[in-house]
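final_30.cif follows (mmCIF, C-alpha atoms):
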```cif
data_structure
loop_
_atom_site.label_atom_id
_atom_site.label_comp_id
_atom_site.auth_asym_id
_atom_site.auth_seq_id
_atom_site.Cartn_x
_atom_site.Cartn_y
_atom_site.Cartn_z
CA MET A 1 10.72 3.61 3.41
CA SER A 2 14.17 2.09 3.86
CA GLY A 3 14.14 -1.40 2.44
CA THR A 4 16.14 -4.59 2.79
CA SER A 5 18.38 -3.60 -0.13
CA LEU A 6 20.10 -1.06 2.19
CA ASP A 7 20.08 1.56 -0.59
CA GLY A 8 18.73 4.47 1.41
CA ILE A 9 15.50 6.32 2.22
CA ASP A 10 12.62 6.69 -0.23
CA LEU A 11 10.24 9.60 0.43
CA ALA A 12 6.91 10.31 -1.25
CA LEU A 13 3.91 12.60 -0.87
CA LEU A 14 0.39 11.22 -0.94
CA LYS A 15 -3.08 12.66 -0.38
CA THR A 16 -5.55 10.05 0.87
CA ASN A 17 -8.30 9.35 3.37
CA GLY A 18 -6.89 5.85 3.87
CA LYS A 19 -9.30 4.41 1.34
CA GLU A 20 -9.07 6.31 -1.95
CA VAL A 21 -5.82 7.80 -3.20
CA THR A 22 -6.78 11.28 -4.39
CA GLU A 23 -3.39 12.72 -5.30
CA ILE A 24 0.16 11.51 -5.83
CA GLY A 25 2.81 14.10 -5.00
CA GLY A 26 6.55 14.29 -5.52
CA SER A 27 9.14 11.74 -4.46
CA ARG A 28 12.83 11.51 -3.73
CA THR A 29 15.50 8.98 -2.77
CA GLU A 30 18.25 9.81 -0.30
CA ARG A 31 21.18 7.40 -0.35
CA TYR A 32 22.57 6.21 2.95
CA GLU A 33 26.04 7.41 3.78
CA THR A 34 28.43 4.48 3.54
CA SER A 35 29.15 4.47 7.28
CA LEU A 36 25.45 4.26 8.19
CA ARG A 37 24.82 1.55 5.60
CA GLU A 38 27.60 -0.58 7.07
CA LYS A 39 26.31 -0.05 10.61
CA LEU A 40 22.86 -1.21 9.50
CA ARG A 41 24.34 -4.20 7.68
CA ASP A 42 26.12 -5.17 10.90
CA LEU A 43 22.79 -5.11 12.76
CA LEU A 44 21.02 -7.59 10.46
CA GLY A 45 19.76 -10.46 12.58
CA CYS A 46 20.37 -8.55 15.83
CA GLU A 47 17.72 -8.56 18.57
CA ASP A 48 19.25 -5.75 20.63
CA PRO A 49 20.40 -2.95 18.30
CA HIS A 50 22.74 -0.27 19.58
CA ALA A 51 20.76 2.81 20.64
CA GLN A 52 23.23 5.14 18.93
CA VAL A 53 22.63 3.51 15.54
CA VAL A 54 18.86 3.78 16.03
CA LYS A 55 19.29 7.46 16.81
CA GLU A 56 21.57 8.00 13.82
CA LEU A 57 19.08 6.28 11.51
CA THR A 58 16.22 8.42 12.85
CA ILE A 59 18.19 11.64 12.46
CA ALA A 60 19.01 10.66 8.88
CA HIS A 61 15.27 10.26 8.23
CA ALA A 62 14.49 13.63 9.83
CA GLN A 63 17.12 15.36 7.71
CA ALA A 64 15.77 13.62 4.61
CA VAL A 65 12.23 14.82 5.42
CA ARG A 66 13.41 18.41 5.84
CA ARG A 67 15.33 18.39 2.56
CA PHE A 68 12.39 16.77 0.80
CA LEU A 69 9.88 19.34 2.04
CA ASP A 70 12.27 22.16 1.09
CA ASN A 71 12.56 20.64 -2.38
CA GLN A 72 8.76 20.45 -2.66
CA LYS A 73 8.42 24.02 -1.31
CA LEU A 74 6.29 22.80 1.58
CA ILE A 75 6.37 23.39 5.34
CA SER A 76 5.83 20.79 8.04
CA LYS A 77 2.41 22.17 8.98
CA THR A 78 1.05 21.09 5.60
CA ILE A 79 1.81 17.42 6.36
CA SER A 80 -0.62 15.55 8.62
CA VAL A 81 1.44 12.42 9.23
CA ILE A 82 4.66 10.63 8.32
CA GLY A 83 4.59 6.87 7.77
CA PHE A 84 7.98 5.77 9.14
CA HIS A 85 8.71 2.15 8.28
CA GLY A 86 12.12 2.07 9.95
CA HIS A 87 14.76 -0.43 8.93
CA THR A 88 14.08 -4.17 9.26
CA ILE A 89 16.95 -5.92 10.98
CA LEU A 90 15.10 -9.05 12.13
CA HIS A 91 12.01 -10.81 10.82
CA GLN A 92 11.11 -14.18 12.34
CA PRO A 93 7.31 -14.32 12.50
CA GLN A 94 7.37 -18.07 13.17
CA ILE A 95 8.55 -17.20 16.68
CA ARG A 96 6.56 -13.96 16.73
CA LYS A 97 9.52 -11.64 16.31
CA THR A 98 9.97 -8.74 13.91
CA LEU A 99 12.08 -5.65 14.46
CA GLN A 100 12.13 -2.44 12.44
CA ILE A 101 14.43 0.05 14.09
CA GLY A 102 13.73 3.77 14.26
CA ASP A 103 12.57 6.13 17.03
CA GLY A 104 9.08 7.38 16.19
CA GLN A 105 8.95 9.92 19.00
CA LEU A 106 12.33 11.39 18.07
CA LEU A 107 11.30 11.70 14.42
CA ALA A 108 8.07 13.47 15.43
CA ASN A 109 10.02 15.86 17.66
CA LEU A 110 12.64 16.62 15.02
CA THR A 111 10.14 17.23 12.21
CA GLY A 112 7.19 18.68 14.11
CA ILE A 113 4.91 16.17 12.31
CA ASN A 114 2.84 13.26 13.61
CA VAL A 115 4.55 9.92 12.99
CA VAL A 116 3.24 6.38 12.67
CA ASN A 117 5.78 3.57 12.86
CA ASN A 118 6.19 -0.04 14.02
CA PHE A 119 3.61 -1.20 11.48
CA ARG A 120 4.31 -4.93 11.62
CA ALA A 121 4.53 -5.77 15.33
CA ILE A 122 0.80 -6.02 16.14
CA ASP A 123 0.24 -8.37 13.21
CA VAL A 124 3.12 -10.66 14.21
CA ALA A 125 2.06 -10.64 17.88
CA ASN A 126 -1.36 -11.92 16.78
CA GLY A 127 -0.16 -14.80 14.64
CA GLY A 128 0.46 -12.97 11.37
CA GLN A 129 3.51 -12.98 9.13
CA GLY A 130 3.82 -9.19 9.39
CA ALA A 131 4.47 -9.10 5.66
CA PRO A 132 3.62 -8.16 3.06
CA ILE A 133 1.51 -5.28 4.41
CA THR A 134 1.29 -3.09 1.30
CA PRO A 135 -1.34 -5.08 -0.70
CA ILE A 136 -4.25 -2.89 0.43
CA PHE A 137 -2.40 0.05 -1.14
CA HIS A 138 -1.60 -1.93 -4.28
CA GLN A 139 -5.31 -2.62 -4.63
CA ALA A 140 -6.18 1.06 -4.23
CA MET A 141 -3.62 2.02 -6.89
CA GLY A 142 -4.69 -0.68 -9.34
CA LEU A 143 -8.38 0.17 -9.65
CA ARG A 144 -8.08 0.81 -13.39
CA VAL A 145 -5.88 -2.19 -14.21
CA GLY A 146 -7.44 -5.27 -15.84
CA LYS A 147 -7.90 -8.05 -13.29
CA PRO A 148 -6.63 -10.39 -12.09
CA PHE A 149 -3.14 -8.85 -12.09
CA ALA A 150 0.02 -9.23 -10.02
CA ILE A 151 2.22 -6.49 -8.58
CA LEU A 152 5.75 -7.73 -8.06
CA ASN A 153 7.99 -5.70 -5.78
CA ILE A 154 11.67 -6.58 -6.19
CA GLY A 155 13.70 -5.31 -3.28
CA GLY A 156 16.26 -7.25 -1.26
CA VAL A 157 13.46 -9.81 -0.93
CA ALA A 158 10.77 -10.08 -3.63
CA ASN A 159 7.06 -10.07 -2.82
CA VAL A 160 3.95 -10.33 -4.95
CA THR A 161 0.37 -9.11 -4.58
CA TRP A 162 -2.36 -10.91 -6.54
CA VAL A 163 -5.37 -8.65 -7.08
CA GLY A 164 -8.64 -10.24 -8.20
CA SER A 165 -11.81 -8.75 -9.60
CA ARG A 166 -13.77 -8.71 -6.34
CA THR A 167 -13.19 -5.90 -3.87
CA GLN A 168 -11.64 -8.13 -1.23
CA ALA A 169 -9.87 -10.52 -3.62
CA LEU A 170 -6.29 -10.14 -2.45
CA LEU A 171 -3.38 -12.49 -1.85
CA ALA A 172 0.21 -11.54 -1.10
CA PHE A 173 3.41 -13.20 0.03
CA ASP A 174 7.19 -13.09 -0.27
CA THR A 175 8.24 -15.09 -3.33
CA GLY A 176 11.90 -15.54 -2.40
CA PRO A 177 15.12 -13.61 -2.93
CA GLY A 178 14.93 -10.36 -4.86
CA GLY A 179 18.15 -8.48 -5.44
CA GLY A 180 19.72 -8.80 -2.00
CA GLN A 181 21.98 -11.77 -2.64
CA LEU A 182 22.78 -10.63 -6.19
CA ASP A 183 23.87 -7.24 -4.82
CA GLU A 184 25.98 -8.91 -2.15
CA TRP A 185 27.61 -11.17 -4.74
CA THR A 186 28.30 -8.29 -7.14
CA GLN A 187 29.95 -6.29 -4.37
CA ARG A 188 32.11 -9.25 -3.39
CA ALA A 189 32.97 -10.39 -6.93
CA ILE A 190 33.63 -7.10 -8.77
CA GLY A 191 33.44 -4.39 -6.11
CA GLU A 192 30.22 -2.85 -7.45
CA PRO A 193 27.13 -2.33 -5.24
CA PHE A 194 24.73 -3.92 -7.79
CA ASP A 195 24.67 -5.60 -11.18
CA ASP A 196 23.88 -2.62 -13.42
CA LYS A 197 21.09 -3.61 -15.85
CA GLY A 198 22.02 -7.26 -15.24
CA LEU A 199 25.06 -7.02 -17.51
CA LEU A 200 27.24 -9.24 -15.30
CA ALA A 201 24.57 -11.94 -15.04
CA ARG A 202 23.82 -11.77 -18.76
CA ALA A 203 27.49 -12.52 -19.46
CA GLY A 204 27.52 -15.64 -17.30
CA ASP A 205 26.26 -19.22 -17.47
CA ILE A 206 23.76 -20.59 -14.99
CA ASP A 207 25.14 -23.44 -12.88
CA SER A 208 22.19 -25.83 -13.09
CA TYR A 209 23.46 -28.02 -10.24
CA VAL A 210 23.72 -25.08 -7.82
CA LEU A 211 20.38 -23.67 -9.00
CA SER A 212 18.67 -27.02 -8.49
CA GLY A 213 19.93 -27.15 -4.92
CA LEU A 214 18.72 -23.61 -4.21
CA LEU A 215 15.25 -24.38 -5.56
CA LYS A 216 14.82 -27.33 -3.19
CA ASN A 217 14.19 -24.99 -0.27
CA PRO A 218 10.79 -26.06 1.17
CA TYR A 219 9.69 -22.43 1.45
CA PHE A 220 8.71 -22.33 -2.22
CA GLU A 221 6.20 -25.17 -1.89
CA LYS A 222 4.67 -23.76 1.27
CA SER A 223 1.25 -22.18 0.81
CA PRO A 224 0.74 -18.52 1.78
CA PRO A 225 0.55 -16.66 4.07
CA LYS A 226 4.33 -16.71 4.28
CA SER A 227 7.21 -14.25 4.52
CA LEU A 228 10.99 -14.16 4.62
CA ASP A 229 13.90 -12.51 6.36
CA ARG A 230 16.63 -11.08 4.14
CA ASN A 231 19.09 -13.47 5.76
CA ASP A 232 17.06 -16.59 4.89
CA PHE A 233 19.20 -16.96 1.75
CA SER A 234 22.94 -16.53 1.31
CA ILE A 235 25.55 -16.39 -1.44
CA GLU A 236 27.43 -19.39 -0.02
CA PRO A 237 26.19 -21.86 -2.70
CA VAL A 238 27.80 -19.79 -5.49
CA LEU A 239 31.13 -19.02 -3.82
CA ALA A 240 33.01 -21.49 -6.04
CA LEU A 241 31.73 -19.86 -9.25
CA ASN A 242 33.32 -17.04 -11.21
CA ALA A 243 31.81 -13.56 -11.05
CA ALA A 244 29.54 -13.80 -14.08
CA ASP A 245 28.35 -17.36 -13.46
CA GLY A 246 27.58 -16.60 -9.82
CA ALA A 247 25.54 -13.56 -10.85
CA ALA A 248 23.72 -15.53 -13.57
CA THR A 249 22.83 -18.30 -11.12
CA LEU A 250 21.61 -15.96 -8.38
CA LEU A 251 19.57 -13.92 -10.83
CA GLU A 252 17.96 -17.05 -12.24
CA PHE A 253 17.20 -18.22 -8.69
CA SER A 254 15.27 -15.01 -8.01
CA CYS A 255 13.42 -15.16 -11.35
CA ALA A 256 12.57 -18.85 -11.05
CA THR A 257 11.10 -18.44 -7.58
CA ILE A 258 9.05 -15.45 -8.76
CA ALA A 259 7.62 -17.61 -11.56
CA MET A 260 6.96 -20.45 -9.09
CA ALA A 261 4.76 -18.08 -7.09
CA GLU A 262 2.08 -18.40 -9.77
CA ARG A 263 1.12 -21.84 -8.48
CA HIS A 264 -0.31 -20.15 -5.39
CA PHE A 265 -2.52 -17.64 -7.29
CA PRO A 266 -6.28 -18.28 -7.04
CA SER A 267 -6.51 -17.73 -10.81
CA PRO A 268 -4.06 -16.80 -13.61
CA VAL A 269 -3.22 -13.13 -14.03
CA GLU A 270 -3.55 -11.02 -17.16
CA CYS A 271 -0.28 -9.21 -16.53
CA TRP A 272 2.55 -8.63 -14.07
CA LEU A 273 3.42 -5.11 -12.90
CA VAL A 274 6.95 -4.70 -11.56
CA THR A 275 8.08 -2.14 -9.00
CA GLY A 276 11.04 -1.71 -6.67
CA GLY A 277 14.73 -1.27 -7.40
CA GLY A 278 14.98 -4.65 -9.11
CA ARG A 279 12.88 -3.42 -12.02
CA LYS A 280 15.98 -1.52 -13.22
CA ASN A 281 17.76 -4.82 -13.79
CA GLU A 282 16.75 -5.23 -17.44
CA TYR A 283 17.98 -8.81 -17.69
CA MET A 284 16.01 -9.81 -14.60
CA VAL A 285 12.79 -8.35 -16.04
CA GLU A 286 13.44 -10.13 -19.35
CA ARG A 287 13.91 -13.48 -17.61
CA ILE A 288 10.78 -13.01 -15.50
CA GLU A 289 8.71 -12.38 -18.62
CA GLU A 290 10.17 -15.44 -20.32
CA LEU A 291 9.39 -17.61 -17.30
CA VAL A 292 5.88 -16.37 -16.45
CA LYS A 293 4.83 -16.28 -20.14
CA LYS A 294 2.57 -13.27 -19.52
CA PRO A 295 2.98 -9.56 -20.29
CA VAL A 296 5.35 -7.92 -17.79
CA MET A 297 5.23 -4.14 -17.42
CA LEU A 298 7.13 -1.72 -15.24
CA VAL A 299 4.67 0.27 -13.13
CA ASP A 300 6.27 3.40 -14.57
CA GLU A 301 4.52 2.56 -17.85
CA LEU A 302 1.21 3.18 -16.03
CA GLY A 303 2.41 6.57 -14.84
CA TRP A 304 3.38 5.31 -11.38
CA ASP A 305 6.77 6.09 -9.86
CA GLY A 306 8.40 2.70 -9.39
CA ASP A 307 10.94 4.12 -6.95
CA ALA A 308 8.22 5.58 -4.74
CA VAL A 309 5.50 2.92 -4.52
CA GLU A 310 6.67 1.45 -1.21
CA ALA A 311 7.11 4.89 0.38
CA GLN A 312 3.66 5.89 -0.87
CA ALA A 313 2.30 2.69 0.63
CA PHE A 314 3.52 3.56 4.11
CA ALA A 315 2.06 7.05 3.85
CA TYR A 316 -1.25 5.35 2.98
CA LEU A 317 -0.93 2.88 5.86
CA ALA A 318 -0.11 5.72 8.27
CA VAL A 319 -3.35 7.48 7.37
CA ARG A 320 -5.28 4.23 7.80
CA THR A 321 -3.74 3.87 11.26
CA MET A 322 -4.64 7.46 12.17
CA ASN A 323 -8.23 6.78 11.01
CA GLY A 324 -8.52 3.47 12.85
CA LEU A 325 -8.66 1.35 9.69
CA PRO A 326 -7.03 -2.11 9.52
CA ILE A 327 -3.76 -2.52 7.62
CA THR A 328 -3.31 -6.31 7.80
CA PHE A 329 -5.77 -9.09 7.04
CA PRO A 330 -6.10 -12.86 7.64
CA ASN A 331 -6.03 -13.79 3.95
CA ILE A 332 -2.77 -11.88 3.42
CA THR A 333 -0.62 -12.23 6.54
CA GLY A 334 -2.52 -14.96 8.40
CA VAL A 335 -3.30 -12.67 11.33
CA ASP A 336 -6.25 -13.72 13.51
CA ARG A 337 -8.53 -10.89 12.28
CA PRO A 338 -8.18 -7.56 10.45
CA ARG A 339 -5.80 -5.52 12.56
CA VAL A 340 -5.12 -1.83 12.92
CA GLY A 341 -1.34 -1.60 13.15
CA GLY A 342 1.26 1.02 13.84
CA GLU A 343 2.07 3.25 16.79
CA ILE A 344 1.21 6.96 16.72
CA TYR A 345 3.66 9.57 17.99
CA ARG A 346 2.91 13.27 18.23
CA PRO A 347 5.54 16.03 18.49
CA ALA A 348 6.39 17.01 22.04
CA ILE A 349 5.18 20.51 22.89
#
```
Exercise: express the given structure as structure tokens:
Amino acid sequence: MSGTSLDGIDLALLKTNGKEVTEIGGSRTERYETSLREKLRDLLGCEDPHAQVVKELTIAHAQAVRRFLDNQKLISKTISVIGFHGHTILHQPQIRKTLQIGDGQLLANLTGINVVNNFRAIDVANGGQGAPITPIFHQAMGLRVGKPFAILNIGGVANVTWVGSRTQALLAFDTGPGGGQLDEWTQRAIGEPFDDKGLLARAGDIDSYVLSGLLKNPYFEKSPPKSLDRNDFSIEPVLALNAADGAATLLEFSCATIAMAERHFPSPVECWLVTGGGRKNEYMVERIEELVKKPVMLVDELGWDGDAVEAQAFAYLAVRTMNGLPITFPNITGVDRPRVGGEIYRPAI
């Protein structure tokens, strides 16, 4: 998984039949080289990405897979399939467009392992939002958690999965900005790639006027299914603020919109479980708990690996695709009917 935060590639091992998760294996994160990260950033919003960048991204994934398997003392023949999300550069489901770049056939050839990629396109082509598509995995992982509960994934964009007590009781949607704009602001304001532990935001004052304007976006009142593109929000409204105040305002914007998501839940949750890179922002997690007024736990406290959940999810979805099981559903993405998604690529002989 390479997410909208542009951090790098998350890898994880999973044993599953596409229904039950029977074993969680090791995991690893490989940071993007600066040059590749900047090339990907330049492609955001692009409908016709340069083939050389797509190839470079795919090779980086293949190299990451090889290093990961070496680290786990495994060979490629022991792996049945790779779930290859690719990197999202465009997501506009309202006009039936979504684009995750990455060459599935090339990755299969380079690794010698079956690959499933392009998970979102079938859903979007059939009227769905194409996101979020990990809730079915969240449900499988949360079988022993008291229900209803919410799993909040804070990446560049934040999304939430509400899991009810019935087997099919699921709801999921993008809540709003996650850490994407805060990271962009921190890089611009103090030259750091992210606000470590939220220290910069904690030192600032929230500009209530700017925050009020940000919260007026009609997206937050819209009922799910709904999803966002990373570029749907920008740092422009805080450009006149100092470094700390801009960070405080953007962080509060993310936290407030996460709390606002509760109004769309079918019933109140017992707790919130937080995963994704944003869970490492201690101040953000504190503010979320203060706003939702419910227990907030990092998934790591349940023995999960919060850095690996999304990568594990795409391994799970890849197996579902290989087994002909649906990965997206009308009540989650708004697709016309449960859809098997993803394209299967096998290594060339």
Worksheet entry | Point-to-point distance from CA of Thr257 in chain A to CA of Leu211 in chain A, Å rounded to tenths |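 Separating CA of Thr257 in chain A from CA of Leu211 in chain A is a distance of 10.7 Å.
When all atoms listed in the file are used to compute distances to Asn323 in chain A, the closest of the residues A:Gly341, A:Gly276, A:Ala60, A:Val145 turns out to be A:Gly341.
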Fill in: Atom-to-atom span, CA of Val81 in chain A and CA of Ile133 in chain A, Å
18.3 Å
Using 9 Å as the limit and counting only C-alpha atoms, can you tabulate each residue of range 212-323 of chain A that touches range 39-56 of chain A, with its shortest atom-to-atom distance in Å and the two atoms involved, as CSV?
```
residue,atom,partner,partner_atom,distance
A:Asp229,CA,A:Gly45,CA,8.8
A:Arg230,CA,A:Leu44,CA,8.4
A:Asn231,CA,A:Gly45,CA,7.5
```
Worksheet item: So which residues fall inside 8 Å of (-3.8, -18.2, 2.8) if we count only C-alpha atoms? Mind giving them as a list in words?
Response: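 All residues meeting the 8 Å criterion around (-3.8, -18.2, 2.8) are Leu171, Ser223, Pro224, Pro225, Pro330, Asn331, Ile332, Thr333 and Gly334 of chain A.
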Could you tell me, as a tab-separated table (two decimals) with C-alpha atoms, keeping the file's coordinate frame, exactly which residues end up selected when the PyMOL selection byres ((chain A and resi 199) around 10) is applied to this structure?
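Listing of out-v4.tsv after writing:
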```
chain	number	residue	atom	x	y	z
A	195	ASP	CA	24.67	-5.60	-11.18
A	196	ASP	CA	23.88	-2.62	-13.42
A	197	LYS	CA	21.09	-3.61	-15.85
A	198	GLY	CA	22.02	-7.26	-15.24
A	200	LEU	CA	27.24	-9.24	-15.30
A	201	ALA	CA	24.57	-11.94	-15.04
A	202	ARG	CA	23.82	-11.77	-18.76
A	203	ALA	CA	27.49	-12.52	-19.46
A	204	GLY	CA	27.52	-15.64	-17.30
A	244	ALA	CA	29.54	-13.80	-14.08
A	247	ALA	CA	25.54	-13.56	-10.85
A	248	ALA	CA	23.72	-15.53	-13.57
A	281	ASN	CA	17.76	-4.82	-13.79
A	282	GLU	CA	16.75	-5.23	-17.44
A	283	TYR	CA	17.98	-8.81	-17.69
A	284	MET	CA	16.01	-9.81	-14.60
```
Discussion item. Around (10.4, -1.1, 6.7), as given in the file, which residues come within 7 Å? Count only C-alpha atoms and list them as number ranges by chain.
Written reply: A: 1-3, 85-88, 100
Worksheet entry | Spatial neighbours of Pro132 in chain A, 7 Å, all atoms listed in the file, chain gap at least 6 places, as a list in words |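 Everything that qualifies: Ala172, Phe173, Asp174 and Thr333 of chain A.
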Worksheet item: Which residues, written as a count of residues only, have at least one atom at most 12 Å from Arg166 in chain A, with all atoms listed in the file counted and residues fewer than 5 positions away on the same chain left out?
Response: 6
Discussion item. Which residues would end up in the selection if the PyMOL selection byres ((chain A and resi 311-319) around 9) were applied here, given that I need the answer as a ChimeraX atom specification?
Written reply: /A:1-2,9-19,21,24,27,80-85,115-117,119,133-138,307-310,320-327,341-342,344
Export of prior selection with C-alpha atoms as a short mmCIF file (atom, residue, chain, number, x, y, z; two decimals), in the frame of the given file:
```
data_model
loop_
_atom_site.label_atom_id
_atom_site.label_comp_id
_atom_site.auth_asym_id
_atom_site.auth_seq_id
_atom_site.Cartn_x
_atom_site.Cartn_y
_atom_site.Cartn_z
CA MET A 1 10.72 3.61 3.41
CA SER A 2 14.17 2.09 3.86
CA ILE A 9 15.50 6.32 2.22
CA ASP A 10 12.62 6.69 -0.23
CA LEU A 11 10.24 9.60 0.43
CA ALA A 12 6.91 10.31 -1.25
CA LEU A 13 3.91 12.60 -0.87
CA LEU A 14 0.39 11.22 -0.94
CA LYS A 15 -3.08 12.66 -0.38
CA THR A 16 -5.55 10.05 0.87
CA ASN A 17 -8.30 9.35 3.37
CA GLY A 18 -6.89 5.85 3.87
CA LYS A 19 -9.30 4.41 1.34
CA VAL A 21 -5.82 7.80 -3.20
CA ILE A 24 0.16 11.51 -5.83
CA SER A 27 9.14 11.74 -4.46
CA SER A 80 -0.62 15.55 8.62
CA VAL A 81 1.44 12.42 9.23
CA ILE A 82 4.66 10.63 8.32
CA GLY A 83 4.59 6.87 7.77
CA PHE A 84 7.98 5.77 9.14
CA HIS A 85 8.71 2.15 8.28
CA VAL A 115 4.55 9.92 12.99
CA VAL A 116 3.24 6.38 12.67
CA ASN A 117 5.78 3.57 12.86
CA PHE A 119 3.61 -1.20 11.48
CA ILE A 133 1.51 -5.28 4.41
CA THR A 134 1.29 -3.09 1.30
CA PRO A 135 -1.34 -5.08 -0.70
CA ILE A 136 -4.25 -2.89 0.43
CA PHE A 137 -2.40 0.05 -1.14
CA HIS A 138 -1.60 -1.93 -4.28
CA ASP A 307 10.94 4.12 -6.95
CA ALA A 308 8.22 5.58 -4.74
CA VAL A 309 5.50 2.92 -4.52
CA GLU A 310 6.67 1.45 -1.21
CA ARG A 320 -5.28 4.23 7.80
CA THR A 321 -3.74 3.87 11.26
CA MET A 322 -4.64 7.46 12.17
CA ASN A 323 -8.23 6.78 11.01
CA GLY A 324 -8.52 3.47 12.85
CA LEU A 325 -8.66 1.35 9.69
CA PRO A 326 -7.03 -2.11 9.52
CA ILE A 327 -3.76 -2.52 7.62
CA GLY A 341 -1.34 -1.60 13.15
CA GLY A 342 1.26 1.02 13.84
CA ILE A 344 1.21 6.96 16.72
#
```
Item to complete: May I ask which of the residues A:Glu221, A:Asp300, A:Glu33, A:Glu20 is the closest one to Gly176 in chain A, counting all atoms listed in the file?
Response: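 Under the stated criterion, the closest residue is A:Glu221.
For the set A:Asp123, A:Asp232, A:Asp245, A:Asp336, the residue with the smallest atom-to-atom gap to Val210 in chain A is A:Asp245, counting only C-alpha atoms.
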Item to complete: May I ask which of the residues A:Leu182, A:Leu273, A:Ala259, A:Leu107 is the closest one to Val163 in chain A, counting all atoms listed in the file?
Response: A:Leu273
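As for CA of Pro266 in chain A and CA of Ser254 in chain A, they are spaced 21.8 Å apart.
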Item to complete: Please identify all polymer residues within 6 Å of Val296 in chain A, counting all atoms listed in the file, omitting same-chain residues fewer than 4 positions from it, and present them as a PyMOL selection string.
Response: chain A and resi 271-273+289
Item to complete: Give me the residues within 7 Å of Thr175 in chain A as a list in words, counting all atoms listed in the file and dropping any in the same chain fewer than 4 places off.
Response: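 The neighbour list is Ala158, Asn159, Val160, Thr257, Ile258 and Ala261 of chain A.
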Could you write out that same residue set with C-alpha atoms as a JSON list (two decimals), in the coordinates of the input?
```json
[["chain", "number", "residue", "atom", "x", "y", "z"],
["A", 158, "ALA", "CA", 10.77, -10.08, -3.63],
["A", 159, "ASN", "CA", 7.06, -10.07, -2.82],
["A", 160, "VAL", "CA", 3.95, -10.33, -4.95],
["A", 257, "THR", "CA", 11.10, -18.44, -7.58],
["A", 258, "ILE", "CA", 9.05, -15.45, -8.76],
["A", 261, "ALA", "CA", 4.76, -18.08, -7.09]]
```
Reconstruct N, CA, C and O atoms of range 160-170 of chain A from the incomplete input and present them as a short mmCIF file (atom, residue, chain, number, x, y, z; two decimals), in the coordinates of the input.
```cif
data_model
loop_
_atom_site.label_atom_id
_atom_site.label_comp_id
_atom_site.auth_asym_id
_atom_site.auth_seq_id
_atom_site.Cartn_x
_atom_site.Cartn_y
_atom_site.Cartn_z
N VAL A 160 4.96 -10.47 -3.90
CA VAL A 160 3.95 -10.33 -4.95
C VAL A 160 2.57 -10.13 -4.31
O VAL A 160 2.27 -10.71 -3.26
N THR A 161 1.77 -9.28 -4.95
CA THR A 161 0.37 -9.11 -4.58
C THR A 161 -0.48 -9.54 -5.76
O THR A 161 -0.32 -9.01 -6.87
N TRP A 162 -1.38 -10.51 -5.53
CA TRP A 162 -2.36 -10.91 -6.54
C TRP A 162 -3.65 -10.16 -6.25
O TRP A 162 -4.16 -10.19 -5.12
N VAL A 163 -4.15 -9.44 -7.25
CA VAL A 163 -5.37 -8.65 -7.08
C VAL A 163 -6.44 -9.21 -8.01
O VAL A 163 -6.28 -9.23 -9.23
N GLY A 164 -7.55 -9.68 -7.43
CA GLY A 164 -8.64 -10.24 -8.20
C GLY A 164 -9.71 -9.21 -8.52
O GLY A 164 -9.60 -8.04 -8.17
N SER A 165 -10.78 -9.67 -9.14
CA SER A 165 -11.81 -8.75 -9.60
C SER A 165 -12.75 -8.32 -8.48
O SER A 165 -13.36 -7.25 -8.55
N ARG A 166 -12.91 -9.12 -7.46
CA ARG A 166 -13.77 -8.71 -6.34
C ARG A 166 -13.03 -7.76 -5.42
O ARG A 166 -11.80 -7.78 -5.34
N THR A 167 -13.78 -6.95 -4.70
CA THR A 167 -13.19 -5.90 -3.87
C THR A 167 -12.18 -6.45 -2.88
O THR A 167 -11.11 -5.88 -2.67
N GLN A 168 -12.52 -7.58 -2.26
CA GLN A 168 -11.64 -8.13 -1.23
C GLN A 168 -10.76 -9.27 -1.74
O GLN A 168 -10.20 -10.03 -0.95
N ALA A 169 -10.66 -9.41 -3.06
CA ALA A 169 -9.87 -10.52 -3.62
C ALA A 169 -8.40 -10.14 -3.66
O ALA A 169 -7.91 -9.56 -4.62
N LEU A 170 -7.70 -10.47 -2.59
CA LEU A 170 -6.29 -10.14 -2.45
C LEU A 170 -5.53 -11.34 -1.90
O LEU A 170 -6.03 -12.07 -1.05
#
```
